[in-house]
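Raw contents of my_file34.tsv, TSV, C-alpha atoms:
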chain	number	residue	atom	x	y	z
A	9	ASP	CA	0.00	0.00	0.00
A	10	SER	CA	1.57	3.27	-1.18
A	11	GLY	CA	-0.48	5.44	1.16
A	12	VAL	CA	-1.93	7.42	-1.75
A	13	THR	CA	-5.72	7.07	-1.98
A	14	GLN	CA	-7.70	7.69	-5.11
A	15	THR	CA	-11.47	7.68	-5.47
A	16	PRO	CA	-13.49	6.47	-7.20
A	17	LYS	CA	-11.76	3.36	-8.49
A	18	HIS	CA	-13.93	3.20	-11.58
A	19	LEU	CA	-16.10	5.80	-13.24
A	20	ILE	CA	-18.42	5.26	-16.18
A	21	THR	CA	-20.01	8.24	-17.85
A	22	ALA	CA	-21.08	9.59	-21.22
A	23	THR	CA	-19.59	11.99	-23.72
A	24	GLY	CA	-20.08	15.66	-22.86
A	25	GLN	CA	-20.25	15.03	-19.14
A	26	ARG	CA	-18.03	16.33	-16.33
A	27	VAL	CA	-16.33	14.26	-13.63
A	28	THR	CA	-14.14	14.89	-10.61
A	29	LEU	CA	-11.38	12.54	-9.53
A	30	ARG	CA	-10.04	12.77	-6.01
A	31	CYS	CA	-6.63	12.07	-4.53
A	32	SER	CA	-5.39	12.00	-0.94
A	33	PRO	CA	-1.59	12.05	-0.79
A	34	ARG	CA	0.56	10.13	1.66
A	35	SER	CA	0.66	11.65	5.09
A	36	GLY	CA	3.18	14.49	5.10
A	37	ASP	CA	3.59	14.70	1.33
A	38	LEU	CA	3.13	18.20	-0.04
A	39	SER	CA	3.53	17.52	-3.77
A	40	VAL	CA	0.79	15.94	-5.84
A	41	TYR	CA	1.11	14.87	-9.45
A	42	TRP	CA	-1.56	13.74	-11.91
A	43	TYR	CA	-0.85	11.34	-14.76
A	44	GLN	CA	-2.96	9.82	-17.53
A	45	GLN	CA	-2.23	6.27	-18.71
A	46	SER	CA	-3.59	4.99	-21.99
A	47	LEU	CA	-2.57	1.99	-24.07
A	48	ASP	CA	-1.18	4.02	-26.94
A	49	GLN	CA	0.45	6.90	-25.04
A	50	GLY	CA	1.63	5.23	-21.85
A	51	LEU	CA	1.91	7.30	-18.66
A	52	GLN	CA	1.74	11.00	-19.43
A	53	PHE	CA	2.27	13.76	-16.90
A	54	LEU	CA	-0.63	16.19	-16.61
A	55	ILE	CA	-0.03	18.61	-13.75
A	56	GLN	CA	1.79	19.08	-10.44
A	57	TYR	CA	0.83	20.93	-7.27
A	58	TYR	CA	2.95	21.76	-4.28
A	59	ASN	CA	1.33	22.91	-1.05
A	60	GLY	CA	-1.70	24.27	-2.88
A	61	GLU	CA	0.11	25.96	-5.75
A	62	GLU	CA	0.44	24.79	-9.33
A	63	ARG	CA	4.10	24.07	-10.07
A	64	ALA	CA	4.30	22.34	-13.44
A	65	LYS	CA	2.04	21.56	-16.35
A	66	GLY	CA	2.35	18.81	-18.91
A	67	ASN	CA	0.10	17.81	-21.77
A	68	ILE	CA	-3.07	18.73	-19.95
A	69	LEU	CA	-6.06	19.65	-22.09
A	70	GLU	CA	-7.88	22.93	-21.51
A	71	ARG	CA	-10.99	20.89	-20.68
A	72	PHE	CA	-9.10	19.49	-17.68
A	73	SER	CA	-8.31	21.39	-14.51
A	74	ALA	CA	-7.01	20.54	-11.07
A	75	GLN	CA	-6.53	22.02	-7.66
A	76	GLN	CA	-4.95	21.16	-4.34
A	77	PHE	CA	-6.83	22.10	-1.20
A	78	PRO	CA	-5.51	23.34	2.18
A	79	ASP	CA	-5.75	19.79	3.59
A	80	LEU	CA	-3.49	18.77	0.65
A	81	HIS	CA	-5.96	16.53	-1.10
A	82	SER	CA	-6.28	17.19	-4.81
A	83	GLU	CA	-9.03	16.97	-7.38
A	84	LEU	CA	-8.79	16.58	-11.14
A	85	ASN	CA	-11.79	17.89	-13.04
A	86	LEU	CA	-12.48	16.62	-16.54
A	87	SER	CA	-15.21	18.31	-18.56
A	88	SER	CA	-16.83	17.98	-21.99
A	89	LEU	CA	-15.66	14.42	-21.96
A	90	GLU	CA	-14.77	12.69	-25.21
A	91	LEU	CA	-14.35	9.02	-26.01
A	92	GLY	CA	-10.60	9.54	-26.17
A	93	ASP	CA	-10.52	10.60	-22.53
A	94	SER	CA	-11.12	7.00	-21.49
A	95	ALA	CA	-7.98	6.06	-19.60
A	96	LEU	CA	-6.48	5.35	-16.21
A	97	TYR	CA	-5.81	8.48	-14.19
A	98	PHE	CA	-3.13	8.23	-11.53
A	99	CYS	CA	-2.20	10.49	-8.70
A	100	ALA	CA	1.25	10.41	-7.15
A	101	SER	CA	2.68	12.25	-4.18
A	102	SER	CA	6.13	13.05	-2.90
A	103	ALA	CA	7.66	14.70	0.13
A	104	GLY	CA	9.76	17.81	-0.08
A	105	PRO	CA	9.55	20.78	-2.41
A	106	PRO	CA	10.00	20.61	-6.17
A	107	GLY	CA	13.72	20.32	-6.84
A	108	SER	CA	14.40	17.88	-4.04
A	109	ASN	CA	13.84	14.87	-6.32
A	110	GLN	CA	11.97	12.84	-3.76
A	111	PRO	CA	10.52	9.62	-5.20
A	112	GLN	CA	6.92	9.69	-6.33
A	113	HIS	CA	4.46	7.19	-4.85
A	114	PHE	CA	1.41	6.30	-6.90
A	115	GLY	CA	-2.15	5.51	-6.00
A	116	ASP	CA	-4.03	2.69	-7.69
A	117	GLY	CA	-5.75	5.03	-10.12
A	118	THR	CA	-9.24	5.83	-11.32
A	119	ARG	CA	-10.37	3.99	-14.42
A	120	LEU	CA	-12.51	6.36	-16.50
A	121	SER	CA	-14.73	4.84	-19.15
A	122	ILE	CA	-16.59	7.10	-21.55
A	123	LEU	CA	-19.54	5.54	-23.34
B	22	GLN	CA	12.07	10.15	-32.02
B	23	LYS	CA	10.38	9.60	-28.68
B	24	GLU	CA	12.21	10.79	-25.59
B	25	VAL	CA	12.18	7.33	-24.03
B	26	GLU	CA	11.91	4.06	-25.93
B	27	GLN	CA	11.02	0.79	-24.26
B	28	ASP	CA	10.18	-2.53	-25.91
B	29	PRO	CA	6.59	-3.35	-24.90
B	30	GLY	CA	7.14	-7.10	-25.05
B	31	PRO	CA	5.47	-9.25	-23.94
B	32	LEU	CA	8.46	-11.07	-22.51
B	33	SER	CA	7.91	-14.59	-21.25
B	34	VAL	CA	10.58	-16.44	-19.26
B	35	PRO	CA	10.75	-19.59	-17.13
B	36	GLU	CA	10.98	-19.32	-13.36
B	37	GLY	CA	14.56	-18.84	-12.20
B	38	ALA	CA	15.71	-17.08	-15.37
B	39	ILE	CA	17.64	-13.83	-15.44
B	40	VAL	CA	15.53	-11.09	-16.97
B	41	SER	CA	16.93	-8.04	-18.74
B	42	LEU	CA	14.68	-5.03	-19.33
B	43	ASN	CA	15.92	-1.99	-21.21
B	44	CYS	CA	15.18	1.60	-22.13
B	45	THR	CA	16.95	4.01	-24.41
B	46	TYR	CA	16.59	7.75	-24.30
B	47	SER	CA	17.43	10.61	-26.59
B	48	ASN	CA	18.04	13.55	-24.24
B	49	SER	CA	21.46	13.42	-22.62
B	50	ALA	CA	20.27	15.95	-20.02
B	51	PHE	CA	18.31	13.31	-18.09
B	52	GLN	CA	19.88	12.99	-14.67
B	53	TYR	CA	17.64	10.68	-12.63
B	54	PHE	CA	16.61	7.17	-13.58
B	55	MET	CA	13.93	5.02	-12.03
B	56	TRP	CA	12.25	1.69	-12.54
B	57	TYR	CA	8.65	1.13	-11.55
B	58	ARG	CA	6.72	-2.13	-11.41
B	59	GLN	CA	3.01	-2.12	-12.17
B	60	TYR	CA	0.74	-5.04	-11.45
B	61	SER	CA	-2.56	-5.33	-13.26
B	62	ARG	CA	-5.14	-2.87	-11.90
B	63	LYS	CA	-2.59	-1.28	-9.60
B	64	GLY	CA	-0.51	1.88	-9.61
B	65	PRO	CA	3.20	1.93	-10.45
B	66	GLU	CA	5.45	0.96	-7.53
B	67	LEU	CA	8.96	2.35	-7.29
B	68	LEU	CA	11.59	-0.40	-7.50
B	69	MET	CA	14.89	1.30	-8.12
B	70	TYR	CA	16.20	4.85	-8.29
B	71	THR	CA	19.63	6.03	-9.36
B	72	TYR	CA	21.27	9.14	-10.70
B	73	SER	CA	24.74	8.05	-11.74
B	74	SER	CA	26.22	5.79	-14.36
B	75	GLY	CA	27.01	2.31	-13.14
B	76	ASN	CA	25.16	-0.38	-11.26
B	77	LYS	CA	22.89	-0.29	-8.24
B	78	GLU	CA	21.80	-3.51	-6.60
B	79	ASP	CA	18.86	-4.24	-4.33
B	80	GLY	CA	18.22	-7.89	-3.59
B	81	ARG	CA	17.42	-9.69	-6.84
B	82	PHE	CA	17.23	-6.41	-8.76
B	83	THR	CA	20.10	-4.51	-10.40
B	84	ALA	CA	19.68	-1.19	-12.17
B	85	GLN	CA	22.32	-0.22	-14.67
B	86	VAL	CA	22.80	3.19	-16.25
B	87	ASP	CA	25.09	4.00	-19.16
B	88	LYS	CA	24.84	7.72	-19.74
B	89	SER	CA	27.32	7.70	-22.61
B	90	SER	CA	25.10	5.30	-24.55
B	91	LYS	CA	21.86	6.74	-23.15
B	92	TYR	CA	20.79	3.28	-22.13
B	93	ILE	CA	19.36	1.96	-18.88
B	94	SER	CA	18.66	-1.59	-17.82
B	95	LEU	CA	16.96	-3.50	-15.06
B	96	PHE	CA	18.12	-7.05	-14.33
B	97	ILE	CA	16.04	-9.47	-12.29
B	98	ARG	CA	17.85	-12.55	-10.98
B	99	ASP	CA	16.13	-15.79	-10.04
B	100	SER	CA	12.85	-14.53	-11.48
B	101	GLN	CA	9.65	-15.61	-9.75
B	102	PRO	CA	6.04	-15.84	-10.96
B	103	SER	CA	5.31	-12.95	-8.58
B	104	ASP	CA	7.60	-10.79	-10.77
B	105	SER	CA	5.01	-11.01	-13.56
B	106	ALA	CA	4.03	-7.39	-14.13
B	107	THR	CA	4.68	-4.44	-16.39
B	108	TYR	CA	8.00	-2.70	-15.80
B	109	LEU	CA	8.28	1.00	-16.57
B	110	CYS	CA	11.42	3.04	-16.81
B	111	ALA	CA	11.09	6.68	-15.75
B	112	LEU	CA	13.56	9.49	-16.28
B	113	ARG	CA	13.81	12.98	-14.93
B	114	LEU	CA	15.82	16.00	-16.09
B	115	SER	CA	16.16	17.47	-12.61
B	116	GLY	CA	14.38	17.44	-9.28
B	117	ASN	CA	12.08	20.14	-10.58
B	118	THR	CA	10.73	18.39	-13.64
B	119	PRO	CA	8.08	15.70	-14.11
B	120	LEU	CA	8.86	12.07	-14.78
B	121	VAL	CA	9.04	10.90	-18.38
B	122	PHE	CA	7.99	7.27	-18.65
B	123	GLY	CA	8.69	4.54	-21.14
B	124	LYS	CA	5.59	2.68	-22.30
B	125	GLY	CA	6.47	-0.34	-20.19
B	126	THR	CA	7.49	-3.95	-20.84
B	127	ARG	CA	5.05	-6.68	-19.89
B	128	LEU	CA	6.85	-9.60	-18.23
B	129	SER	CA	5.47	-13.06	-17.55
B	130	VAL	CA	7.44	-15.52	-15.44
B	131	ILE	CA	6.16	-19.05	-15.99
B	132	ALA	CA	6.36	-21.57	-13.13
Will you turn the file into structure tokens for me?
Amino acid sequence: DSGVTQTPKHLITATGQRVTLRCSPRSGDLSVYWYQQSLDQGLQFLIQYYNGEERAKGNILERFSAQQFPDLHSELNLSSLELGDSALYFCASSAGPPGSNQPQHFGDGTRLSIL
Amino acid sequence: QKEVEQDPGPLSVPEGAIVSLNCTYSNSAFQYFMWYRQYSRKGPELLMYTYSSGNKEDGRFTAQVDKSSKYISLFIRDSQPSDSATYLCALRLSGNTPLVFGKGTRLSVIA
């Protein structure tokens, strides 16, 4: 058990809808990362937060947004969903500020299925 | 050319075999090198982490980095059926940058 908790485990919805994925980092970890994993693209970095502030952005679509709350949990919001958004979404957390190269620990992901 | 190339396999070996998993990369600025193991329906789990050329050993696992060739390897000795998983290499330019993953190699160890 990595200590990173993601909910829900599985989400099924339709095109055009909006969903929110939730992540609770390991106790004491201030950095949260979101990744998308699909069969053709592999694991792709989306966005990073540190102590409530956005720190880095990857290939995140404009339809996607995220935030990290004062209690350090994070949410990834996906809107106007398309079939191609079906994927596994992982959250990872690490201790220390960006630049300290602490290892990232992953949750078990949310499987998003768009019908 | 992709930043990180990794043969997707699948790779099937008998129990007890030595397994060699590899990644090549194109950007010589990568400084940190990691291997993650991912079981089906689970998140990636950090196995090995190194930042210098050479070998790093941890039990049955050895990570090897050759920065001059831009090539990293993970060796698994005395492989077990419980090693059956997808192995992902991950690289990082610096402590401030996100991880760049290979697509993963699916390994099956047959009893």
Would you mind listing what lies within 10 Å of A:Pro33 as a PyMOL selection string, with all atoms listed in the file counted and same-chain residues fewer than 5 positions away left out? chain A and resi 10-14+38-41+79-82+99-103+113-115
Written file, previous selection with C-alpha atoms, as a CSV table (one decimal), in the frame of the given file:
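Ended up saving to part19.csv:
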chain,number,residue,atom,x,y,z
A,10,SER,CA,1.6,3.3,-1.2
A,11,GLY,CA,-0.5,5.4,1.2
A,12,VAL,CA,-1.9,7.4,-1.8
A,13,THR,CA,-5.7,7.1,-2.0
A,14,GLN,CA,-7.7,7.7,-5.1
A,38,LEU,CA,3.1,18.2,0.0
A,39,SER,CA,3.5,17.5,-3.8
A,40,VAL,CA,0.8,15.9,-5.8
A,41,TYR,CA,1.1,14.9,-9.4
A,79,ASP,CA,-5.8,19.8,3.6
A,80,LEU,CA,-3.5,18.8,0.6
A,81,HIS,CA,-6.0,16.5,-1.1
A,82,SER,CA,-6.3,17.2,-4.8
A,99,CYS,CA,-2.2,10.5,-8.7
A,100,ALA,CA,1.2,10.4,-7.2
A,101,SER,CA,2.7,12.2,-4.2
A,102,SER,CA,6.1,13.0,-2.9
A,103,ALA,CA,7.7,14.7,0.1
A,113,HIS,CA,4.5,7.2,-4.8
A,114,PHE,CA,1.4,6.3,-6.9
A,115,GLY,CA,-2.2,5.5,-6.0
Leaving out B:Leu114 and any residue of its chain fewer than 3 positions from it, which residues lie within 6 Å of it when counting all atoms listed in the file, given as number ranges by chain? B: 50-52
Quick check, in Å to one decimal: how far apart do atom CA of A:Ile20 and atom CA of A:Ser121 lie? 4.8 Å
When you get a sec, could you note down which chain B residues fall within 7 Å of chain A, using only C-alpha atoms, as a ChimeraX atom specification? /B:63-66,115-117,119,122,124
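Picture a line from atom CA of A:Ser87 to atom CA of B:Val121; it runs 25.4 Å.
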How many Å lie between atom CA of B:Arg98 and atom CA of B:Glu36, rounded to one decimal? 9.9 Å
Got a sec: who's within 6 Å of A:Glu83, counting only C-alpha atoms, leaving out chain neighbours fewer than 5 positions off, as a list in words?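 My reading of the contact set: Leu29, Arg30, Ala74 and Gln75 of chain A.
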Using C-alpha atoms, can you export the residues from the last selection as an mmCIF file, in the coordinates of the input?
data_model
loop_
_atom_site.group_PDB
_atom_site.id
_atom_site.type_symbol
_atom_site.label_atom_id
_atom_site.label_comp_id
_atom_site.auth_asym_id
_atom_site.auth_seq_id
_atom_site.Cartn_x
_atom_site.Cartn_y
_atom_site.Cartn_z
ATOM 1 C CA LEU A 29 -11.380 12.540 -9.530
ATOM 2 C CA ARG A 30 -10.040 12.770 -6.010
ATOM 3 C CA ALA A 74 -7.010 20.540 -11.070
ATOM 4 C CA GLN A 75 -6.530 22.020 -7.660
#
Would you kindly return, as a VMD selection string, each protein, DNA or RNA residue with an atom no farther than 7 Å from any atom of B:Leu67, considering all atoms listed in the file and excluding same-chain residues fewer than 5 positions away? chain B and resid 56 to 58
Within 10 Å of B:Asn76, counting only C-alpha atoms, which residues show up once you throw out same-chain ones fewer than 2 positions away? Write them as a PyMOL selection string, please. chain B and resi 71+73-74+78+83-87+93-95
Top pick for closest residue to A:Ala95, considering A:Arg71, A:Thr23, A:Gln44, A:Tyr57 and counting only C-alpha atoms: A:Gln44
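Of the residues under consideration (B:Pro31, B:Gly123, B:Gly37, B:Gly75), B:Gly37 shows the shortest atom-to-atom contact distance to B:Asp99 when counting only C-alpha atoms.
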Box centre and edge lengths (Å, one decimal), axis-aligned, stretch 26-45 of chain A plus 3 Å each side, as JSON:
{"center_x": -7.2, "center_y": 12.2, "center_z": -6.8, "size_x": 27.6, "size_y": 17.9, "size_z": 29.8}
